[in-house]
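In what follows, a single structure is set out as structure tokens and then discussed.
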Amino acid sequence: MADISTHEKPAEAAGTTLLSVRDLGKTYGAGPGEVEAIRSISFDVRAGELVCVVGPSGCGKTTLLKCLSGLLHPTSGSVALAGQAVVAPPKKMAVVFQEYGRSLYPWLSVRDNVGLPLKARRLPRGERDDAVRAALEEVGLGHALSTYPWQLSGGMQQRVAIARAIAYQPEVLVMDEPFAAVDAQTRADLEDLVRRVWQDLGVTVIFVTHDIDESVYLGERVLVLSSSPTVVQEDLAVDLPSERDQISTRALPRFTELRTHVHEQIQRAKRGDRTALPAT
Amino acid sequence: MRRIRLRPVLGALRTLGYAAGLPALALLAWALATDRSASLYFPPPATIADAFVETWFGPAFTEDVLPSLGRFAAGVLLSMVIGIVAGTAIGTTRWLRDLLEPMLEFFRAVPPVVLVPVLMLMLGVGDTMRIAVIVSGCVWPVLLNTVEGVRGVDTVLTETSRSYRVRGGLSLRYVVLPAASPQIMAGIRLCLSIGLILMVISEMFASSSGLGYRIVYFQRSFMIAQMWSGIVLLGLVGVAVAGLYGIAERRVLHWYHGMREVARG
Ligand SMILES: Nc1ncnc2c1ncn2[C@@H]1O[C@H](COP(=O)(O)OP(=O)(O)OP(=O)(O)O)[C@@H](O)[C@H]1O
Ligand SMILES: [Mg+2]
């Protein structure tokens, strides 16, 4: 825990633009077989924000995240992190992948899975062990240090992947549909974990999901993407109280209004209707 | 207390029975078939056993067996090192791969035995030549399997490593080589069996020591029981090598077997 609470918060930077996406486009392949995954996306994320990105299946959410995290070169447009163009994976960013089962190293124990990125950062052994332990305790897996990922359930594997991202102490945490394959109860726990991590560490979180309720419950802001060729359908501020609770928040009339609004937007996005609804 | 302990003992006995049953039966059949037949080419097992003790528990052990095993070990270890190092370089470097792949296929297709005369001309008839013969046949399965294994690393794992900036030696040690290890181990297994064959063959040419040389020598001198005892020794060496491989594989690939067991349910 010590490591996490002493992590420097970029508090002084709060409110300034951290991530800036301009006219981002991505076309896979070339010639007759090409796929235009993203047409043109622009948005800014301020330091310390928690932004959810929703969109229909196959609209290019993963593609967008890979461009943000420097894993993929966009065909057009640009991404900048703290004013620097992103051309390779940035130092201060951690990614939790959609295929979490495949993103853990099966030959490494849970401890080493979480610790390897820290080793790459040349953190001394003692500090590394502390950070790994703290992060795993944070996700409720303090007991699983020396098990192997394949000995764990899907939800636990995903928590290992999250612990790895937390231990890395990033400024930006990018998550790609992290809870798509876990059961409802685990999912609720993990959602609260993401909120808690966001509040405790002061990281900027970009959270992709196809679950509308989840995006409204989690986000301070929801970006609705259209279906392919993809643009930003709507950029919606979520004006729910910042202390959220699975039961009472979801029962608020405002929650219902927002989720209905996003739902309608997605329906329109699927139909290819690009005009935004009047704001609620 | 007693009763609880009986079960594993019975289990072990049963495993032993299964493992040793068929060899015992074969031995019995051999003994019955050769009893009093006095065939020159198929002496009874007892005669072979006598010849075994006489032949190999003497100076032949240090003069023939140990040098053979030494050359086998040297050839096989060299093949593994060359195969893994070169295979990793080729598998991770695109231009190297494009450059070398057609040639590798060609060299792999050449049966190593035909290289013996060539290597003899180049390296003379010493240990170097014999080790070179072993390497010339053993390096390919390791090398080609390493190339394939290194190339086949899951893209999600590669992207995970890239995004956490796990690179260079660290990525090689903790990501690329472990990911390729099931394939590399399969290559090593092939390398070991090919190595044993080539060890024997390399000693049949212009040689004056070694297991392969001894067996041919016994055969030419009509020392049939001794010849058979040499073949039995080769078989035992093969079993021992396979056993050592098994131990190493269980250590290196314990995660792989564990994962597959879980996947099977
Ligand atoms: N490597 C690739 N080569 C070619 N086309 C691709 C590639 N990756 C994705 N695509 C295509 O790009 C489009 C967007 O894919 P992407 O995976 O980004 O969508 P997604 O919104 O993440 O989908 P999901 O909700 O299923 O995760 C899809 O039509 C997909 O077929
Ligand atoms: Mg996706």
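Just so we're on the same page: first chain in the structure tokens is A, next is B, and so on; residues restart at 1 for each chain, and ligands are numbered from 1 in the order they show up.
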Pull the closest atom pair for each residue of chain A that gets at most 10 Å from chain B, along with the distance in Å to one decimal, counting only C-alpha atoms, ordering rows by chain and then ascending residue number, as CSV.
```
residue,atom,partner,partner_atom,distance
A:Lys66,CA,B:Glu159,CA,9.2
A:Ser69,CA,B:Ser163,CA,7.1
A:Gly70,CA,B:Ser163,CA,7.8
A:Leu71,CA,B:Glu159,CA,7.0
A:Leu72,CA,B:Glu159,CA,9.8
A:Ala88,CA,B:Ser163,CA,8.4
A:Pro89,CA,B:Ser163,CA,5.2
A:Pro90,CA,B:Ser163,CA,7.6
A:Lys91,CA,B:Arg165,CA,7.5
A:Lys92,CA,B:Tyr164,CA,9.2
A:Met93,CA,B:Ser163,CA,7.7
A:Ala94,CA,B:Tyr164,CA,6.7
A:Val95,CA,B:Ser163,CA,6.8
A:Val96,CA,B:Thr160,CA,8.3
A:Phe97,CA,B:Thr160,CA,7.8
A:Gln98,CA,B:Val156,CA,9.3
A:Glu99,CA,B:Val156,CA,7.4
A:Tyr100,CA,B:Val156,CA,8.6
A:Gly101,CA,B:Val156,CA,9.4
A:Arg102,CA,B:Val156,CA,6.1
A:Ser103,CA,B:Leu157,CA,5.0
A:Leu104,CA,B:Leu157,CA,7.1
A:Tyr105,CA,B:Leu157,CA,7.2
A:Pro106,CA,B:Trp255,CA,6.6
A:Trp107,CA,B:Trp255,CA,5.3
A:Leu108,CA,B:Tyr174,CA,8.2
A:Ser109,CA,B:Trp255,CA,9.4
A:Asp112,CA,B:Tyr174,CA,9.6
A:Asn113,CA,B:Tyr174,CA,9.8
A:Leu116,CA,B:Val166,CA,7.5
A:Pro117,CA,B:Tyr164,CA,5.5
A:Leu118,CA,B:Tyr164,CA,8.6
A:Lys119,CA,B:Val166,CA,8.4
A:Ala120,CA,B:Val166,CA,5.3
A:Arg121,CA,B:Arg165,CA,8.0
A:Tyr148,CA,B:Trp255,CA,7.9
A:Pro149,CA,B:Met259,CA,9.0
A:Trp150,CA,B:Met259,CA,5.9
A:Gln151,CA,B:Val262,CA,7.4
A:Leu152,CA,B:Val262,CA,9.9
A:Arg164,CA,B:Tyr164,CA,9.6
A:Ala165,CA,B:Tyr164,CA,8.9
A:Tyr168,CA,B:Tyr164,CA,8.3
```
Quick one: residues within 9 Å of ligand 2, with only C-alpha atoms and all ligand atoms, as a ChimeraX atom specification? /A:57-63,65,97-99,176-177,208-209
Rank nothing, just name the residue among A:His210, A:Ala131, A:Trp198, A:Pro32 nearest to ligand 1, using only C-alpha atoms and all ligand atoms.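 Selected residue with least distance to ligand 1: A:His210.
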Spatial neighbours of segment 247-255 of chain A, 9 Å, only C-alpha atoms, chain gap at least 5 places, as a ChimeraX atom specification: /A:213,216-217,238-241,260
Per DSSP on the backbone, what are the strand (DSSP E) residues of segment 91-270 of chain A, as an NGL selection string? :A and (93-96 or 172-176 or 204-209 or 221-225 or 230-237)
Can you list, as a PyMOL selection string, every protein, DNA or RNA residue that comes within 8 Å of Arg189 of chain B when you count only C-alpha atoms, leaving out same-chain residues fewer than 4 positions away? chain B and resi 185+193+245
Any chance you could export the current selection's N, CA, C and O atoms as an mmCIF file, in the first residue's frame?
```
data_model
loop_
_atom_site.group_PDB
_atom_site.id
_atom_site.type_symbol
_atom_site.label_atom_id
_atom_site.label_comp_id
_atom_site.auth_asym_id
_atom_site.auth_seq_id
_atom_site.Cartn_x
_atom_site.Cartn_y
_atom_site.Cartn_z
ATOM 1 N N MET B 185 12.102 -27.406 -27.269
ATOM 2 C CA MET B 185 12.288 -28.703 -26.627
ATOM 3 C C MET B 185 11.968 -29.840 -27.601
ATOM 4 O O MET B 185 12.646 -30.866 -27.605
ATOM 5 N N SER B 193 17.938 -37.877 -30.634
ATOM 6 C CA SER B 193 17.885 -39.191 -31.273
ATOM 7 C C SER B 193 18.735 -39.217 -32.542
ATOM 8 O O SER B 193 19.402 -40.203 -32.822
ATOM 9 N N TYR B 245 16.310 -36.407 -20.852
ATOM 10 C CA TYR B 245 15.510 -35.424 -21.571
ATOM 11 C C TYR B 245 14.176 -35.222 -20.858
ATOM 12 O O TYR B 245 13.723 -34.096 -20.667
#
```
If we count only C-alpha atoms, what is near Lys26 of chain A at a cut-off of 9 Å, once residues fewer than 3 positions away on the same chain are taken out, given as a PDB file with N, CA and C atoms, in the first residue's frame?
```pdb
ATOM      1  N   VAL A  35      -9.521  -2.114 -45.003  1.00  0.00           N
ATOM      2  CA  VAL A  35     -10.624  -1.926 -44.070  1.00  0.00           C
ATOM      3  C   VAL A  35     -10.433  -0.570 -43.392  1.00  0.00           C
ATOM      4  N   GLU A  36     -11.420   0.308 -43.555  1.00  0.00           N
ATOM      5  CA  GLU A  36     -11.318   1.600 -42.881  1.00  0.00           C
ATOM      6  C   GLU A  36     -11.919   1.433 -41.486  1.00  0.00           C
ATOM      7  N   ALA A  37     -11.069   1.224 -40.495  1.00  0.00           N
ATOM      8  CA  ALA A  37     -11.559   0.977 -39.143  1.00  0.00           C
ATOM      9  C   ALA A  37     -12.007   2.280 -38.490  1.00  0.00           C
ATOM     10  N   ILE A  38     -11.218   3.322 -38.640  1.00  0.00           N
ATOM     11  CA  ILE A  38     -11.557   4.623 -38.049  1.00  0.00           C
ATOM     12  C   ILE A  38     -11.447   5.684 -39.139  1.00  0.00           C
ATOM     13  N   ARG A  39     -12.486   6.522 -39.272  1.00  0.00           N
ATOM     14  CA  ARG A  39     -12.413   7.573 -40.291  1.00  0.00           C
ATOM     15  C   ARG A  39     -11.714   8.803 -39.743  1.00  0.00           C
ATOM     16  N   SER A  40     -12.297   9.373 -38.688  1.00  0.00           N
ATOM     17  CA  SER A  40     -11.674  10.587 -38.152  1.00  0.00           C
ATOM     18  C   SER A  40     -12.169  10.813 -36.729  1.00  0.00           C
ATOM     19  N   GLY A  60     -14.051  -0.148 -33.920  1.00  0.00           N
ATOM     20  CA  GLY A  60     -12.672   0.345 -33.923  1.00  0.00           C
ATOM     21  C   GLY A  60     -12.178   0.816 -32.570  1.00  0.00           C
ATOM     22  N   THR A  63      -8.727  -0.582 -32.019  1.00  0.00           N
ATOM     23  CA  THR A  63      -7.829   0.128 -32.930  1.00  0.00           C
ATOM     24  C   THR A  63      -7.467   1.502 -32.365  1.00  0.00           C
ATOM     25  N   LEU A  64      -8.483   2.210 -31.858  1.00  0.00           N
ATOM     26  CA  LEU A  64      -8.246   3.525 -31.273  1.00  0.00           C
ATOM     27  C   LEU A  64      -7.245   3.420 -30.117  1.00  0.00           C
ATOM     28  N   CYS A  67      -3.725   2.896 -31.177  1.00  0.00           N
ATOM     29  CA  CYS A  67      -3.104   4.122 -31.679  1.00  0.00           C
ATOM     30  C   CYS A  67      -2.711   5.033 -30.513  1.00  0.00           C
ATOM     31  N   HIS A  73       0.529   2.553 -35.736  1.00  0.00           N
ATOM     32  CA  HIS A  73       0.676   3.873 -36.342  1.00  0.00           C
ATOM     33  C   HIS A  73      -0.615   4.239 -37.057  1.00  0.00           C
ATOM     34  N   PRO A  74      -1.189   5.404 -36.726  1.00  0.00           N
ATOM     35  CA  PRO A  74      -2.409   5.794 -37.436  1.00  0.00           C
ATOM     36  C   PRO A  74      -2.105   6.088 -38.903  1.00  0.00           C
ATOM     37  N   THR A  75      -3.126   5.917 -39.744  1.00  0.00           N
ATOM     38  CA  THR A  75      -2.953   6.218 -41.161  1.00  0.00           C
ATOM     39  C   THR A  75      -2.956   7.734 -41.369  1.00  0.00           C
ATOM     40  N   SER A  76      -3.795   8.419 -40.563  1.00  0.00           N
ATOM     41  CA  SER A  76      -3.807   9.882 -40.677  1.00  0.00           C
ATOM     42  C   SER A  76      -4.037  10.463 -39.290  1.00  0.00           C
ATOM     43  N   GLY A  77      -3.753  11.748 -39.157  1.00  0.00           N
ATOM     44  CA  GLY A  77      -3.950  12.397 -37.874  1.00  0.00           C
ATOM     45  C   GLY A  77      -2.840  12.089 -36.904  1.00  0.00           C
TER      46      GLY A  77
END
```
Could you jot down the atom CA of Ala24 of chain B to atom CA of Ile48 of chain B separation for me, Å, one decimal place?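 Calculated distance between atom CA of Ala24 of chain B and atom CA of Ile48 of chain B is 15.3 Å.
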Based on the backbone DSSP call, show me all residues of segment 24-239 of chain A assigned alpha helix (DSSP H), as JSON, numbers by chain. {"A": [61, 62, 63, 64, 65, 66, 67, 68, 100, 101, 102, 103, 110, 111, 112, 113, 114, 115, 116, 117, 118, 119, 120, 125, 126, 127, 128, 129, 130, 131, 132, 133, 134, 135, 136, 137, 138, 154, 155, 156, 157, 158, 159, 160, 161, 162, 163, 164, 165, 166, 167, 184, 185, 186, 187, 188, 189, 190, 191, 192, 193, 194, 195, 196, 197, 198, 199, 200, 201, 212, 213, 214, 215, 216, 217, 218]}
In Å, rounded to a single decimal, give me how far atom CA of Tyr28 of chain A is from atom 31 (O, counted along the ligand's line) of ligand 1. 8.8 Å
